[in-house]
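A.B. asks: Take a look at this one; I'll ask things after.
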Amino acid sequence: MSKELANLLFPDIKETPEDYFKIYPKRKTPATRIAPSPTGYMHLGTLGMTVVDKALANALGGVCLFRVEDTDNKREVKDATKRLIEAFKVFGISFDEGFDGEKDYGAYAPYIQSRRVPIYKAFAKRLVEEGKAYPCFCSEEKLAEQHENQVKSGDKTGYYGKYASCKNLTLDEVKENLAQGKPWALRANFDLFNPSDRIAWCDGVRGEMSLPVETNNVVILKSNRIPPYNLAHVVDDTLMGISHVVRGEEWLISTAQHLQLFKLLGLTPPTYLHMPVICVQEGESKRKLSKRKDKEALVENLLKEGYPTEAILEYLMTIYNTDFEIWRIKNPTAPRDEFKFKIEKIGSNNPLLDMPKLDNISKNIIGAYSNAQTKLAVINFFGENLPNLDKVLAVCAIDRETPKPRKDIVKFSDILTLYDYIFDDFVAPRAEGEGAKILARYAELYSAADDKTAWFEKMKRVAREFGFADNGKDFKANPEQYKGSIADISQIIRKKITGKENTPDLYEISRILGEQTVKARLRA
RNA sequence: GGUCCCAUGGUCAAGCGGUUAAGACGUCACCCUCUCACGGUGAAAUCAGGGGUUCGAUUCCCCUUGGGACUACCA
């Protein structure tokens with residue numbers, strides 16, 4: 001009867017799981033995969049999983065592939081797959097196999113789940129043949145009502161045992177329902193498992209784990225004949241030879257049902273690595289990073305702010321492998337893929353998103369950029385048409401390529417506020433009283449032709465003329481003899497020219513601005 | 001409510017029965033210095049609580065508390 005039912009349900013499916021095992025040969029190396037669903041722009045967590053997948057494949061001497069999990073057509077966002085692929089490109093992340101937006105590459109294609117539906121059906125059909133799955137004709141309303149009653153009576157929720165009313169439908173009843181055109185979903189018969197048993201496995205991150213048997217006869221084929229995550233995961237990761245499944249902690253509990261599906265199909269499950277999820281602080285507690293609430297933490301936004309992709313990747317690595325930071329200190333310039341990723345160094349705490357840490361990593365990375373790299377990055381961020389581009393680059397070049405470079409740029413958008421005085425529309429602040437006199441005197445003296453020593457001599461001269469110490473030490477020794485020190489003079493001038501109390505070397509800035517502009521601002 | 005996970009400074013964490021309890025970010029102080037940044041030196045700051053086990057617990061076990069995840073024909 002099961003065979004008959006299977007043919008009734010899947011008349012057009014001729015292939016068997018064995019056929020697919022022939023098409024997709026057993027893989028000889030370890031493999032990891034990143035399988036995001038196209039529901040919008042890339043999530044920081046997705047990027048983090050990718051970093052781990054890549055690093056793990058690298059450490060294991062295996063491959064890492066990219067698969068699109070587009071089985072939820074309700075949530076799917078147009079172009080999201082394309083955007084995902086773009087984003088990976090921006091981050092310089094490539095995969096050994098996958099989908100490039102146009103076509104598949106790799107021997108286990110297709111890599112888009114919506115194109116693998118016949119494969120899922122073949123496995124589903126097998127399950128029906130063996131009496132391990134059955135069609136369910138229950139309406140949404142009926143299911144909702146049942147759920148409500150279960151909650152009310154304190155019974156366990158779900159579709160199982162006596163609640164699984166479609167499980168024991170006769171062939172004729174199924175035929176009748178089908179004839180009436182009733183929609184149906186396929187459910188796994190988890191009542192085949194002893195509900196008091198536990199499902200155990202050794203998690204790569206958490207160690208020995210066990211969960212109670214999943215009793216809910218979960219849907220493995222939706223009424224649109226597309227599987228939800230569970231069956232798709234089991235089938236794809238088996239066929240694609242995935243040895244290590246890296247996924248977020250949110251999957252931990254559903255591992256029982258996945259393992260039960262593997263068992264029902266007689267398949268060997270992969271090693272699971274359940275990763276911590278990145279959280280944000282909210283009042284007293286923390287919560288999972290959310291796309292809606294934490295827009296500023298979205299990868300898209302970080303990029304928009306001008307964080308270098310390497311900074312984001314490095315930060316993610318410090319989160320997911322607690323060894324990485326120490327390795328990085330010892331190997332400050334080594335490429336990241338030389339780092340040996342260790343499974344046992346994955347933390348199991350859910351970390352809080354640490355923006356100051358990201359900032360620190362970022363400013364170190366930008367600080368280490370060469371002038372050429374900086375130019376590329378600035379143009380990449382602002383485009384060719386940024387006004388005063390040459391001047392901006394000149395300011396960025398101050399102290400760059402030295403053993404102790406400035407590290408004032410955290411993200412490229414900072415340039416607009418940090419160096420706003422470089423732009424033509426900058427308005428110099430007003431000065432009054434003695435300050436105005438000092439500025440006037442300095443304006444008289446200033447010449448762009450001076451070398452740095454000559455320039456500084458003039459600065460000292462102004463200081464002396466107005467009763468300020470021309471060096472810090474003298475002032476410190478006898479503070480009462482002076483109105484202030486050369487630092488104060490310098491500060492007055494800096495403030496007038498740039499509107500800021502902290503800027504790179506004033507001599508250099510003045511040269512970049514040009515004598516005319518400097519004098520105009522001093523006298524404004 | 002049920003199931004599961006987690007628990008060392010403000011944050012990320014090392015530690016895996018005996019340590020002066022690493023390190024990084026952040027904070028503060030000092031030095032360097034025309035300013036800022038960089039750099040250097042230093043400081044403050046942690047084992048959630050209670051029971052066991054043990055000669056000895058941050059480390060092992062239990063309970064409490066706190067936090068997190070899941071509980072869909074979403075992933």
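Chain lettering (A, B, ...) mirrors the order of the structure tokens, residue numbering begins at 1 for each chain separately, and ligand numbering begins at 1 in order of display.
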Tell me, which residues of range 43-169 of chain A carry DSSP strand (DSSP E), written as a list in words?

C.D. replies: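 Put together, the selection reads Val63, Cys64, Leu65, Phe66, Gly98, Phe99, Asp104, Tyr105, Ala133, Tyr134, Pro135 and Cys136 of chain A.
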
A.B. asks: Pick out the residues sitting within 12 Å of Ser510 in chain A, and hand them over as an MDAnalysis selection string; count only C-alpha atoms (C1' of nucleotides), and ignore anything fewer than 2 positions along from it in its own chain.

C.D. replies: chainID A and resid 391 394:395 398 421:422 443 446:452 455 493:494 496:498 503:508 512:522

A.B. asks: Can you tell me, as an MDAnalysis selection string, what residues are no more than 10 Å from Arg441 in chain A when counting only C-alpha atoms (C1' of nucleotides), ignoring any on the same chain fewer than 2 positions away?

C.D. replies: chainID A and resid 435:439 443:446 458:459 461:462 465:466 522:523

A.B. asks: For chain B versus chain A, which residues have an atom no more than 10 Å away, and what is each residue's nearest atom pair and distance in Å rounded to one decimal, using only C-alpha atoms (C1' of nucleotides), chain-then-number order, as JSON lines?

C.D. replies:
{"residue": "B:G1", "atom": "C1'", "partner": "A:Gly154", "partner_atom": "CA", "distance": 8.1}
{"residue": "B:G2", "atom": "C1'", "partner": "A:Lys156", "partner_atom": "CA", "distance": 7.8}
{"residue": "B:U3", "atom": "C1'", "partner": "A:Ile253", "partner_atom": "CA", "distance": 7.6}
{"residue": "B:C4", "atom": "C1'", "partner": "A:Ile253", "partner_atom": "CA", "distance": 6.0}
{"residue": "B:C5", "atom": "C1'", "partner": "A:Glu249", "partner_atom": "CA", "distance": 8.1}
{"residue": "B:C6", "atom": "C1'", "partner": "A:Asn349", "partner_atom": "CA", "distance": 5.7}
{"residue": "B:A7", "atom": "C1'", "partner": "A:Asn349", "partner_atom": "CA", "distance": 8.4}
{"residue": "B:U11", "atom": "C1'", "partner": "A:Asp354", "partner_atom": "CA", "distance": 6.5}
{"residue": "B:C12", "atom": "C1'", "partner": "A:Ile319", "partner_atom": "CA", "distance": 7.2}
{"residue": "B:A13", "atom": "C1'", "partner": "A:Thr322", "partner_atom": "CA", "distance": 7.1}
{"residue": "B:A14", "atom": "C1'", "partner": "A:Thr322", "partner_atom": "CA", "distance": 8.8}
{"residue": "B:G23", "atom": "C1'", "partner": "A:Ile326", "partner_atom": "CA", "distance": 7.3}
{"residue": "B:A24", "atom": "C1'", "partner": "A:Glu325", "partner_atom": "CA", "distance": 7.1}
{"residue": "B:C25", "atom": "C1'", "partner": "A:Lys357", "partner_atom": "CA", "distance": 5.0}
{"residue": "B:G26", "atom": "C1'", "partner": "A:Pro356", "partner_atom": "CA", "distance": 7.1}
{"residue": "B:U33", "atom": "C1'", "partner": "A:Gly472", "partner_atom": "CA", "distance": 8.9}
{"residue": "B:C34", "atom": "C1'", "partner": "A:Ala487", "partner_atom": "CA", "distance": 4.9}
{"residue": "B:U35", "atom": "C1'", "partner": "A:Asn502", "partner_atom": "CA", "distance": 5.4}
{"residue": "B:C36", "atom": "C1'", "partner": "A:Asn502", "partner_atom": "CA", "distance": 3.8}
{"residue": "B:A37", "atom": "C1'", "partner": "A:Arg406", "partner_atom": "CA", "distance": 5.3}
{"residue": "B:C38", "atom": "C1'", "partner": "A:Arg406", "partner_atom": "CA", "distance": 5.4}
{"residue": "B:G39", "atom": "C1'", "partner": "A:Lys404", "partner_atom": "CA", "distance": 6.9}
{"residue": "B:G66", "atom": "C1'", "partner": "A:Ser285", "partner_atom": "CA", "distance": 9.5}
{"residue": "B:G67", "atom": "C1'", "partner": "A:Ser285", "partner_atom": "CA", "distance": 6.8}
{"residue": "B:G68", "atom": "C1'", "partner": "A:Arg287", "partner_atom": "CA", "distance": 7.3}
{"residue": "B:A69", "atom": "C1'", "partner": "A:Glu250", "partner_atom": "CA", "distance": 5.2}
{"residue": "B:C70", "atom": "C1'", "partner": "A:Ile253", "partner_atom": "CA", "distance": 5.8}
{"residue": "B:U71", "atom": "C1'", "partner": "A:Thr157", "partner_atom": "CA", "distance": 8.6}
{"residue": "B:A72", "atom": "C1'", "partner": "A:Val219", "partner_atom": "CA", "distance": 9.7}
{"residue": "B:C73", "atom": "C1'", "partner": "A:Lys222", "partner_atom": "CA", "distance": 4.5}
{"residue": "B:C74", "atom": "C1'", "partner": "A:Asp72", "partner_atom": "CA", "distance": 7.0}
{"residue": "B:A75", "atom": "C1'", "partner": "A:Tyr229", "partner_atom": "CA", "distance": 6.6}

A.B. asks: Could you tell me how far CA of Lys342 in chain A sits from CA of Cys202 in chain A, in Å to one decimal place?

C.D. replies: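 Computing the Euclidean distance for CA of Cys202 in chain A and CA of Lys342 in chain A yields 16.4 Å.
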
A.B. asks: Find, counting only C-alpha atoms, the residue in A:Ala164, A:Ile379, A:Leu143, A:Val246 that gets nearest to Arg33 in chain A.

C.D. replies: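 Closest to Arg33 in chain A, using only C-alpha atoms: A:Val246.
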
A.B. asks: Enter the distance from CA of Lys121 in chain A to CA of Glu76 in chain A, in Å, rounded to one decimal.

C.D. replies: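 The value is 21.5 Å.
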
A.B. asks: Could you state the separation of CA of Gly48 in chain A and CA of Ile278 in chain A in Å, given to one decimal place?

C.D. replies: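 CA of Ile278 in chain A lies at a distance of 9.2 Å from CA of Gly48 in chain A.
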
A.B. asks: Set the distance at 8 Å and use only C-alpha atoms (C1' of nucleotides): which residues neighbour Tyr108 in chain A once local chain neighbours fewer than 5 positions away are removed? I'd like the list as a PyMOL selection string.

C.D. replies: chain A and resi 24+239-240

A.B. asks: Give me the residues within 12 Å of A43 in chain B as an mmCIF file with N, CA and C atoms (P, O5', C5', C4', C3', O3' and C1' of nucleotides), in the first residue's frame, counting only C-alpha atoms (C1' of nucleotides) and dropping any in the same chain fewer than 2 places off.

C.D. replies:
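The new file result_28.cif reads:
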data_model
loop_
_atom_site.group_PDB
_atom_site.id
_atom_site.type_symbol
_atom_site.label_atom_id
_atom_site.label_comp_id
_atom_site.auth_asym_id
_atom_site.auth_seq_id
_atom_site.Cartn_x
_atom_site.Cartn_y
_atom_site.Cartn_z
ATOM 1 P P U B 27 38.617 55.049 25.323
ATOM 2 O "O5'" U B 27 38.533 55.007 26.909
ATOM 3 C "C5'" U B 27 37.297 55.200 27.575
ATOM 4 C "C4'" U B 27 37.475 55.084 29.061
ATOM 5 C "C3'" U B 27 38.609 55.907 29.644
ATOM 6 O "O3'" U B 27 38.227 57.261 29.830
ATOM 7 C "C1'" U B 27 38.698 53.722 30.531
ATOM 8 P P C B 28 39.292 58.433 29.489
ATOM 9 O "O5'" C B 28 40.217 58.405 30.789
ATOM 10 C "C5'" C B 28 39.655 58.632 32.070
ATOM 11 C "C4'" C B 28 40.667 58.291 33.135
ATOM 12 C "C3'" C B 28 42.040 58.919 32.945
ATOM 13 O "O3'" C B 28 42.080 60.258 33.387
ATOM 14 C "C1'" C B 28 42.285 56.638 33.487
ATOM 15 P P A B 29 43.117 61.295 32.693
ATOM 16 O "O5'" A B 29 44.488 60.846 33.383
ATOM 17 C "C5'" A B 29 44.682 61.036 34.780
ATOM 18 C "C4'" A B 29 46.006 60.454 35.188
ATOM 19 C "C3'" A B 29 47.201 60.963 34.390
ATOM 20 O "O3'" A B 29 47.660 62.210 34.855
ATOM 21 C "C1'" A B 29 47.320 58.614 34.583
ATOM 22 P P C B 30 48.301 63.272 33.820
ATOM 23 O "O5'" C B 30 49.771 62.675 33.614
ATOM 24 C "C5'" C B 30 50.681 62.633 34.704
ATOM 25 C "C4'" C B 30 51.837 61.729 34.350
ATOM 26 C "C3'" C B 30 52.624 62.121 33.105
ATOM 27 O "O3'" C B 30 53.560 63.143 33.357
ATOM 28 C "C1'" C B 30 52.185 59.805 33.071
ATOM 29 P P U B 41 55.941 49.549 26.721
ATOM 30 O "O5'" U B 41 55.843 50.296 28.123
ATOM 31 C "C5'" U B 41 57.025 50.639 28.834
ATOM 32 C "C4'" U B 41 56.674 51.478 30.042
ATOM 33 C "C3'" U B 41 55.632 50.869 30.964
ATOM 34 O "O3'" U B 41 56.185 49.917 31.854
ATOM 35 C "C1'" U B 41 55.113 53.146 30.578
ATOM 36 P P A B 45 41.100 47.328 41.586
ATOM 37 O "O5'" A B 45 40.070 46.807 40.485
ATOM 38 C "C5'" A B 45 38.757 47.349 40.437
ATOM 39 C "C4'" A B 45 38.071 46.857 39.198
ATOM 40 C "C3'" A B 45 38.179 45.350 38.978
ATOM 41 O "O3'" A B 45 37.231 44.646 39.738
ATOM 42 C "C1'" A B 45 38.656 46.501 36.959
#

A.B. asks: Please list as a VMD selection string every residue within 12 Å of Asp236 in chain A, counting only C-alpha atoms (C1' of nucleotides) and excluding residues in the same chain fewer than 5 positions away.

C.D. replies: chain A and resid 17 20 to 21 24 32 to 33 35 65 to 69 108 to 117 119 to 120 123 227 229 to 231 241 to 243 245 262 267 269 to 270

A.B. asks: Output N, CA and C atoms for every residue in that selection, as a compact mmCIF listing (two decimals), in the first residue's frame.

C.D. replies:
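Contents of the output file part.txt:
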# COMPACT_ATOMS: atom_id res chain seq x y z
N PRO A 17 16.63 7.72 -4.89
CA PRO A 17 17.82 8.26 -4.23
C PRO A 17 19.10 7.64 -4.78
N TYR A 20 20.49 9.32 -7.72
CA TYR A 20 21.20 10.57 -7.43
C TYR A 20 22.57 10.32 -6.79
N PHE A 21 22.66 9.25 -6.04
CA PHE A 21 23.97 8.93 -5.47
C PHE A 21 24.98 8.58 -6.57
N TYR A 24 25.87 12.11 -8.30
CA TYR A 24 26.75 12.91 -7.44
C TYR A 24 27.69 11.99 -6.66
N THR A 32 32.67 22.23 3.45
CA THR A 32 31.75 23.08 4.22
C THR A 32 30.90 23.84 3.22
N ARG A 33 29.88 24.48 3.75
CA ARG A 33 29.01 25.19 2.81
C ARG A 33 28.41 26.39 3.51
N ALA A 35 24.99 28.54 3.11
CA ALA A 35 23.72 28.39 2.40
C ALA A 35 22.71 29.42 2.88
N LEU A 65 31.60 25.48 -0.36
CA LEU A 65 30.71 25.81 -1.46
C LEU A 65 29.57 26.73 -1.04
N PHE A 66 28.97 27.33 -2.05
CA PHE A 66 27.91 28.31 -1.84
C PHE A 66 26.61 27.77 -2.43
N ARG A 67 25.59 27.76 -1.60
CA ARG A 67 24.30 27.23 -2.05
C ARG A 67 23.21 28.24 -1.69
N VAL A 68 22.25 28.37 -2.54
CA VAL A 68 21.17 29.33 -2.28
C VAL A 68 19.94 28.59 -1.74
N GLU A 69 19.51 28.96 -0.56
CA GLU A 69 18.35 28.31 0.04
C GLU A 69 17.10 29.14 -0.19
N TYR A 108 28.35 19.33 -8.30
CA TYR A 108 27.19 18.91 -7.53
C TYR A 108 25.97 19.80 -7.80
N ALA A 109 25.99 20.43 -8.96
CA ALA A 109 24.93 21.36 -9.35
C ALA A 109 23.59 20.63 -9.46
N PRO A 110 22.48 21.31 -9.42
CA PRO A 110 22.37 22.75 -9.19
C PRO A 110 22.61 23.14 -7.72
N TYR A 111 23.05 24.38 -7.54
CA TYR A 111 23.32 24.87 -6.19
C TYR A 111 22.23 25.81 -5.69
N ILE A 112 21.15 25.82 -6.44
CA ILE A 112 19.99 26.61 -6.01
C ILE A 112 18.88 25.64 -5.66
N GLN A 113 18.41 25.72 -4.44
CA GLN A 113 17.47 24.70 -3.97
C GLN A 113 16.19 24.64 -4.78
N SER A 114 15.72 25.78 -5.25
CA SER A 114 14.46 25.75 -5.99
C SER A 114 14.61 24.93 -7.27
N ARG A 115 15.83 24.70 -7.72
CA ARG A 115 16.04 23.89 -8.92
C ARG A 115 16.32 22.43 -8.59
N ARG A 116 16.24 22.10 -7.33
CA ARG A 116 16.53 20.74 -6.91
C ARG A 116 15.27 19.99 -6.46
N VAL A 117 14.13 20.59 -6.73
CA VAL A 117 12.89 20.02 -6.23
C VAL A 117 12.67 18.55 -6.62
N ILE A 119 14.78 16.29 -6.93
CA ILE A 119 15.64 15.48 -6.06
C ILE A 119 14.99 15.27 -4.70
N TYR A 120 14.49 16.36 -4.14
CA TYR A 120 13.84 16.24 -2.82
C TYR A 120 12.65 15.29 -2.91
N PHE A 123 13.55 11.64 -2.71
CA PHE A 123 13.81 11.19 -1.34
C PHE A 123 12.50 11.12 -0.54
N PRO A 227 10.38 21.55 -0.26
CA PRO A 227 10.66 21.19 1.13
C PRO A 227 11.03 22.42 1.95
N TYR A 229 13.39 23.86 5.19
CA TYR A 229 14.83 23.68 5.44
C TYR A 229 15.19 22.23 5.76
N ASN A 230 14.39 21.58 6.59
CA ASN A 230 14.81 20.28 7.14
C ASN A 230 15.19 19.24 6.08
N LEU A 231 14.25 18.94 5.18
CA LEU A 231 14.55 17.92 4.16
C LEU A 231 15.63 18.41 3.19
N GLY A 241 28.02 16.10 -0.20
CA GLY A 241 29.19 15.63 0.54
C GLY A 241 29.71 16.61 1.57
N ILE A 242 28.79 17.30 2.23
CA ILE A 242 29.20 18.27 3.24
C ILE A 242 29.60 17.52 4.52
N SER A 243 30.82 17.72 4.94
CA SER A 243 31.30 17.00 6.13
C SER A 243 31.02 17.79 7.41
N VAL A 245 28.74 20.96 8.97
CA VAL A 245 27.68 21.96 8.83
C VAL A 245 27.85 23.03 9.91
N PHE A 262 17.73 11.96 8.92
CA PHE A 262 18.88 11.19 8.44
C PHE A 262 18.65 9.71 8.70
N LEU A 267 20.76 7.61 6.22
CA LEU A 267 21.92 8.40 5.81
C LEU A 267 22.79 8.78 7.02
N PRO A 269 24.72 11.50 9.09
CA PRO A 269 24.72 12.96 9.25
C PRO A 269 26.13 13.54 9.28
N PRO A 270 26.26 14.83 8.97
CA PRO A 270 27.56 15.49 9.02
C PRO A 270 27.91 15.86 10.46

A.B. asks: Select, from A:Asn331, A:Leu8, A:Phe91, A:Lys54, the residue with the minimum atom-to-atom distance to Glu176 in chain A, counting only C-alpha atoms.

C.D. replies: A:Leu8
